[in-house]
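Contents: one structure, followed by commentary.
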Amino acid sequence: MADLFEFLIGTGMRKGEALGLHWDDVHLAERVLYVRCTLSAIDNNHLVITTPKTRTSRNWVAVSPRVATALQHRVRSRARRHSDPSDPFTGLVFCRPDGRPLRPHTVLDRLRQLSKEAGVPRVTVHDLRHLAATITVTAGVPLTVVSKTLRHSTLSTTANIYSHLTQQAAREAVDTIDHTLTRAQKRNDRRAWLERLRPPRDHVQRLREALHRFSSPAPPVFSTMADRSRTGRATTLRPPALRARKRPSSHV
């Protein structure tokens, strides 16, 4: 039954759908299976195989790697069974070692026994289907995809059953938006703060030019008079010499 429980959690299928699954409806190469039958117990005694009650229940289900491993284990165990081809229960995937179908009540009793041994609250077989839905909804899988996986008749059925999970997912969604915007705002604030610490680019350019002028040697001073020819008469005029003044003669 370990393969059965792995299968129920990995696919989210109903108990009767899993117990009524035939090998003709399993395609491991394509990683898909088809739900065409369901096993029911009338008065908990008489087992019958019927078709699912709704059109959406008769649909395909994807197979995960863990579910494929469980089915491959059932394939290896299948070779040891000898069943009558005329038996309506021939070809069941999950059955007893002699090939006879598993009673739904037997599966429930085994699951309750395992729950008691593990020290956890009593778990029903249908709880495994709820577990599959809970994992997908809380992981952020769109509700339409979850509804398709569970093969509910309408999307509102999924929303009504798992409304508490969708509310939690909605809160997580808006919290994710808040965290994303807050991180972006913090990055922008830090970038603006760094820009304020840096001087403007034109100021940096002027500072570089000033440093370059200080570090460069002073250019030679050129005189316009130095380039003139020194030949010819001097152009500089001397002031005229003062004439010696004659003393007036003294008449003694």
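Residues are referred to by chain and number: the chain letter is A, B, ... according to the order shown in the structure tokens, the number counts from 1 in that chain, and ligands are numbered separately from 1 in the order shown.
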Tell me, as an MDAnalysis selection string, which residues lie within 10 Å of segment 26-32 of chain A, counting only C-alpha atoms; anything in the same chain fewer than 5 positions away does not count. chainID A and resid 21 60:65 67:69 71:72 93
Can you tell me which residues surround segment 142-149 of chain A at a distance of at most 9 Å, considering only C-alpha atoms, apart from same-chain residues fewer than 3 positions away, and format the answer as a PyMOL selection string? chain A and resi 11-13+56+60-62+133+136-137+152-159+166
Out of segment 137-214 of chain A, which residues get alpha helix (DSSP H) from DSSP, as a JSON list (two decimals) with C-alpha atoms, in the first residue's frame?
```
[["chain", "number", "residue", "atom", "x", "y", "z"],
["A", 137, "VAL", "CA", -2.26, 25.95, -3.60],
["A", 138, "THR", "CA", 0.25, 27.05, -0.97],
["A", 143, "LEU", "CA", -6.32, 27.86, -8.86],
["A", 144, "THR", "CA", -7.41, 26.96, -12.38],
["A", 145, "VAL", "CA", -4.54, 24.48, -12.64],
["A", 146, "VAL", "CA", -5.34, 23.04, -9.22],
["A", 147, "SER", "CA", -8.97, 22.63, -10.23],
["A", 148, "LYS", "CA", -7.90, 20.88, -13.43],
["A", 149, "THR", "CA", -5.59, 18.54, -11.51],
["A", 150, "LEU", "CA", -8.30, 17.62, -9.01],
["A", 155, "LEU", "CA", -13.66, 26.30, -10.52],
["A", 156, "SER", "CA", -15.98, 27.58, -7.80],
["A", 157, "THR", "CA", -15.93, 24.13, -6.22],
["A", 158, "THR", "CA", -12.18, 24.33, -5.78],
["A", 159, "ALA", "CA", -12.40, 27.92, -4.53],
["A", 160, "ASN", "CA", -15.07, 27.06, -1.97],
["A", 161, "ILE", "CA", -13.25, 24.03, -0.59],
["A", 163, "SER", "CA", -10.94, 29.28, 0.27],
["A", 164, "HIS", "CA", -8.81, 29.44, 3.44],
["A", 165, "LEU", "CA", -5.76, 28.53, 1.40],
["A", 166, "THR", "CA", -6.57, 31.01, -1.36],
["A", 167, "GLN", "CA", -6.88, 33.77, 1.24],
["A", 168, "GLN", "CA", -3.47, 32.87, 2.57],
["A", 169, "ALA", "CA", -2.08, 32.78, -0.95],
["A", 170, "ALA", "CA", -3.65, 36.17, -1.66],
["A", 171, "ARG", "CA", -1.98, 37.66, 1.42],
["A", 172, "GLU", "CA", 1.33, 36.13, 0.40],
["A", 173, "ALA", "CA", 0.87, 37.58, -3.10],
["A", 174, "VAL", "CA", 0.36, 41.15, -1.87],
["A", 175, "ASP", "CA", 3.20, 40.71, 0.63],
["A", 176, "THR", "CA", 5.44, 39.68, -2.24],
["A", 177, "ILE", "CA", 4.47, 42.83, -4.12],
["A", 178, "ASP", "CA", 5.20, 44.91, -1.03],
["A", 179, "HIS", "CA", 8.61, 43.32, -0.49],
["A", 180, "THR", "CA", 9.56, 43.75, -4.14],
["A", 181, "LEU", "CA", 8.64, 47.44, -4.20],
["A", 182, "THR", "CA", 10.33, 48.07, -0.86],
["A", 183, "ARG", "CA", 13.59, 46.51, -2.06],
["A", 184, "ALA", "CA", 13.46, 48.58, -5.24],
["A", 185, "GLN", "CA", 12.82, 51.76, -3.25],
["A", 186, "LYS", "CA", 15.74, 51.03, -0.93],
["A", 187, "ARG", "CA", 18.04, 50.52, -3.93],
["A", 188, "ASN", "CA", 16.94, 53.83, -5.43],
["A", 189, "ASP", "CA", 17.39, 55.66, -2.12],
["A", 190, "ARG", "CA", 20.88, 54.26, -1.73],
["A", 191, "ARG", "CA", 21.76, 55.21, -5.30],
["A", 192, "ALA", "CA", 20.53, 58.77, -4.70],
["A", 193, "TRP", "CA", 22.50, 58.96, -1.45],
["A", 194, "LEU", "CA", 25.68, 57.91, -3.22],
["A", 195, "GLU", "CA", 25.06, 60.47, -5.93],
["A", 196, "ARG", "CA", 24.84, 63.20, -3.30],
["A", 197, "LEU", "CA", 28.19, 62.15, -1.89],
["A", 201, "ARG", "CA", 31.11, 65.90, -13.06],
["A", 202, "ASP", "CA", 31.89, 69.49, -14.17],
["A", 203, "HIS", "CA", 33.38, 70.20, -10.77],
["A", 204, "VAL", "CA", 35.63, 67.18, -11.13],
["A", 205, "GLN", "CA", 36.73, 68.39, -14.55],
["A", 206, "ARG", "CA", 37.60, 71.84, -13.25],
["A", 207, "LEU", "CA", 39.50, 70.30, -10.36],
["A", 208, "ARG", "CA", 41.53, 68.18, -12.77],
["A", 209, "GLU", "CA", 42.39, 71.22, -14.89],
["A", 210, "ALA", "CA", 43.51, 73.18, -11.83],
["A", 211, "LEU", "CA", 45.72, 70.34, -10.67],
["A", 212, "HIS", "CA", 47.17, 70.05, -14.14],
["A", 213, "ARG", "CA", 48.07, 73.74, -14.16],
["A", 214, "PHE", "CA", 49.81, 73.49, -10.79]]
```
Select, from A:Ala2, A:Leu128, A:Val141, A:Leu92, the residue with the minimum atom-to-atom distance to Thr38 of chain A, counting only C-alpha atoms.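 Result for the nearest residue to Thr38 of chain A: A:Leu92.
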Considering only C-alpha atoms, return as an MDAnalysis selection string whatever protein or nucleic-acid residues lie within 8 Å of Gly91 of chain A, sequence-local ones (same chain, fewer than 3 positions apart) excluded. chainID A and resid 22:24
With only C-alpha atoms as the atoms that count, which of A:Ala132, A:Ile42, A:Leu47, A:Ala70 lies nearest to Ile9 of chain A?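 Smallest distance to Ile9 of chain A is found for A:Ala132.
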Would you please work out which residue, of A:Lys53, A:Arg36, A:Arg112, A:Arg66, is nearest to Asp127 of chain A when using only C-alpha atoms?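 Looking at the shortest contact to Asp127 of chain A, the residue is A:Arg112.
When the distance limit is 10 Å and only C-alpha atoms are what count, the residues near segment 39-41 of chain A, minus those fewer than 5 positions from it on the same chain, are A:Lys15, A:Gly16, A:Glu17, A:Ala18, A:Leu19, A:Gly20, A:Leu21, A:His46, A:Leu47, A:Val48, A:Ile49, A:Thr50, A:Thr51, A:Pro52, A:Phe89, A:Pro101, A:Leu102, A:Arg103, A:Pro104, A:His105.
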Restricted to N, CA, C and O atoms, what would the selected residues look like written as an mmCIF file, in the first residue's frame?
```
data_model
loop_
_atom_site.group_PDB
_atom_site.id
_atom_site.type_symbol
_atom_site.label_atom_id
_atom_site.label_comp_id
_atom_site.auth_asym_id
_atom_site.auth_seq_id
_atom_site.Cartn_x
_atom_site.Cartn_y
_atom_site.Cartn_z
ATOM 1 N N LYS A 15 -10.066 7.992 -4.003
ATOM 2 C CA LYS A 15 -9.749 6.615 -3.622
ATOM 3 C C LYS A 15 -10.325 5.614 -4.621
ATOM 4 O O LYS A 15 -9.624 4.687 -5.065
ATOM 5 N N GLY A 16 -11.598 5.769 -4.993
ATOM 6 C CA GLY A 16 -12.213 4.843 -5.935
ATOM 7 C C GLY A 16 -11.565 4.890 -7.307
ATOM 8 O O GLY A 16 -11.454 3.854 -7.984
ATOM 9 N N GLU A 17 -11.106 6.084 -7.723
ATOM 10 C CA GLU A 17 -10.444 6.210 -9.026
ATOM 11 C C GLU A 17 -9.102 5.497 -9.036
ATOM 12 O O GLU A 17 -8.734 4.871 -10.037
ATOM 13 N N ALA A 18 -8.375 5.580 -7.925
ATOM 14 C CA ALA A 18 -7.082 4.895 -7.852
ATOM 15 C C ALA A 18 -7.264 3.385 -7.788
ATOM 16 O O ALA A 18 -6.525 2.636 -8.452
ATOM 17 N N LEU A 19 -8.236 2.918 -7.011
ATOM 18 C CA LEU A 19 -8.455 1.475 -6.893
ATOM 19 C C LEU A 19 -9.052 0.884 -8.168
ATOM 20 O O LEU A 19 -8.924 -0.323 -8.411
ATOM 21 N N GLY A 20 -9.699 1.712 -8.992
ATOM 22 C CA GLY A 20 -10.276 1.227 -10.241
ATOM 23 C C GLY A 20 -9.397 1.479 -11.454
ATOM 24 O O GLY A 20 -9.833 1.242 -12.590
ATOM 25 N N LEU A 21 -8.172 1.939 -11.238
ATOM 26 C CA LEU A 21 -7.271 2.232 -12.357
ATOM 27 C C LEU A 21 -6.771 0.941 -12.991
ATOM 28 O O LEU A 21 -6.319 0.025 -12.299
ATOM 29 N N HIS A 46 -20.149 -5.686 -1.648
ATOM 30 C CA HIS A 46 -20.110 -6.034 -3.061
ATOM 31 C C HIS A 46 -19.336 -4.958 -3.813
ATOM 32 O O HIS A 46 -19.689 -3.782 -3.775
ATOM 33 N N LEU A 47 -18.269 -5.367 -4.494
ATOM 34 C CA LEU A 47 -17.421 -4.454 -5.239
ATOM 35 C C LEU A 47 -17.872 -4.394 -6.695
ATOM 36 O O LEU A 47 -18.104 -5.430 -7.336
ATOM 37 N N VAL A 48 -17.968 -3.179 -7.204
ATOM 38 C CA VAL A 48 -18.352 -2.969 -8.598
ATOM 39 C C VAL A 48 -17.431 -1.896 -9.185
ATOM 40 O O VAL A 48 -16.899 -1.050 -8.474
ATOM 41 N N ILE A 49 -17.258 -1.975 -10.495
ATOM 42 C CA ILE A 49 -16.488 -0.970 -11.225
ATOM 43 C C ILE A 49 -17.456 -0.216 -12.123
ATOM 44 O O ILE A 49 -18.144 -0.817 -12.960
ATOM 45 N N THR A 50 -17.486 1.082 -11.952
ATOM 46 C CA THR A 50 -18.361 1.943 -12.731
ATOM 47 C C THR A 50 -17.534 3.079 -13.328
ATOM 48 O O THR A 50 -16.328 3.191 -13.088
ATOM 49 N N THR A 51 -18.229 3.915 -14.096
ATOM 50 C CA THR A 51 -17.575 5.091 -14.651
ATOM 51 C C THR A 51 -17.708 6.251 -13.669
ATOM 52 O O THR A 51 -18.653 6.278 -12.866
ATOM 53 N N PRO A 52 -16.791 7.189 -13.697
ATOM 54 C CA PRO A 52 -16.917 8.369 -12.815
ATOM 55 C C PRO A 52 -18.236 9.092 -13.054
ATOM 56 O O PRO A 52 -18.797 9.075 -14.154
ATOM 57 N N PHE A 89 -12.217 -7.631 -13.025
ATOM 58 C CA PHE A 89 -11.226 -6.910 -12.247
ATOM 59 C C PHE A 89 -9.790 -7.174 -12.725
ATOM 60 O O PHE A 89 -8.833 -6.786 -12.072
ATOM 61 N N PRO A 101 -9.281 -7.209 -6.269
ATOM 62 C CA PRO A 101 -9.275 -5.776 -5.939
ATOM 63 C C PRO A 101 -9.153 -5.543 -4.434
ATOM 64 O O PRO A 101 -9.522 -6.399 -3.617
ATOM 65 N N LEU A 102 -8.638 -4.399 -4.099
ATOM 66 C CA LEU A 102 -8.548 -3.974 -2.707
ATOM 67 C C LEU A 102 -9.878 -3.357 -2.285
ATOM 68 O O LEU A 102 -10.455 -2.536 -3.008
ATOM 69 N N ARG A 103 -10.333 -3.731 -1.123
ATOM 70 C CA ARG A 103 -11.554 -3.122 -0.600
ATOM 71 C C ARG A 103 -11.241 -1.735 -0.047
ATOM 72 O O ARG A 103 -10.242 -1.557 0.645
ATOM 73 N N PRO A 104 -12.077 -0.745 -0.326
ATOM 74 C CA PRO A 104 -11.826 0.598 0.197
ATOM 75 C C PRO A 104 -11.714 0.626 1.717
ATOM 76 O O PRO A 104 -10.885 1.370 2.259
ATOM 77 N N HIS A 105 -12.493 -0.176 2.409
ATOM 78 C CA HIS A 105 -12.428 -0.172 3.861
ATOM 79 C C HIS A 105 -11.099 -0.742 4.351
ATOM 80 O O HIS A 105 -10.574 -0.318 5.391
#
```
With distances taken over only C-alpha atoms, which of A:Cys37, A:Gly99, A:Ala118, A:His126 is nearest to Asp87 of chain A? A:Gly99
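The space between atom CA of Asn59 of chain A and atom CA of Arg151 of chain A spans 7.4 Å.
Atom pair atom CA of Val35 of chain A / atom CA of Ser115 of chain A: separated by 28.2 Å.
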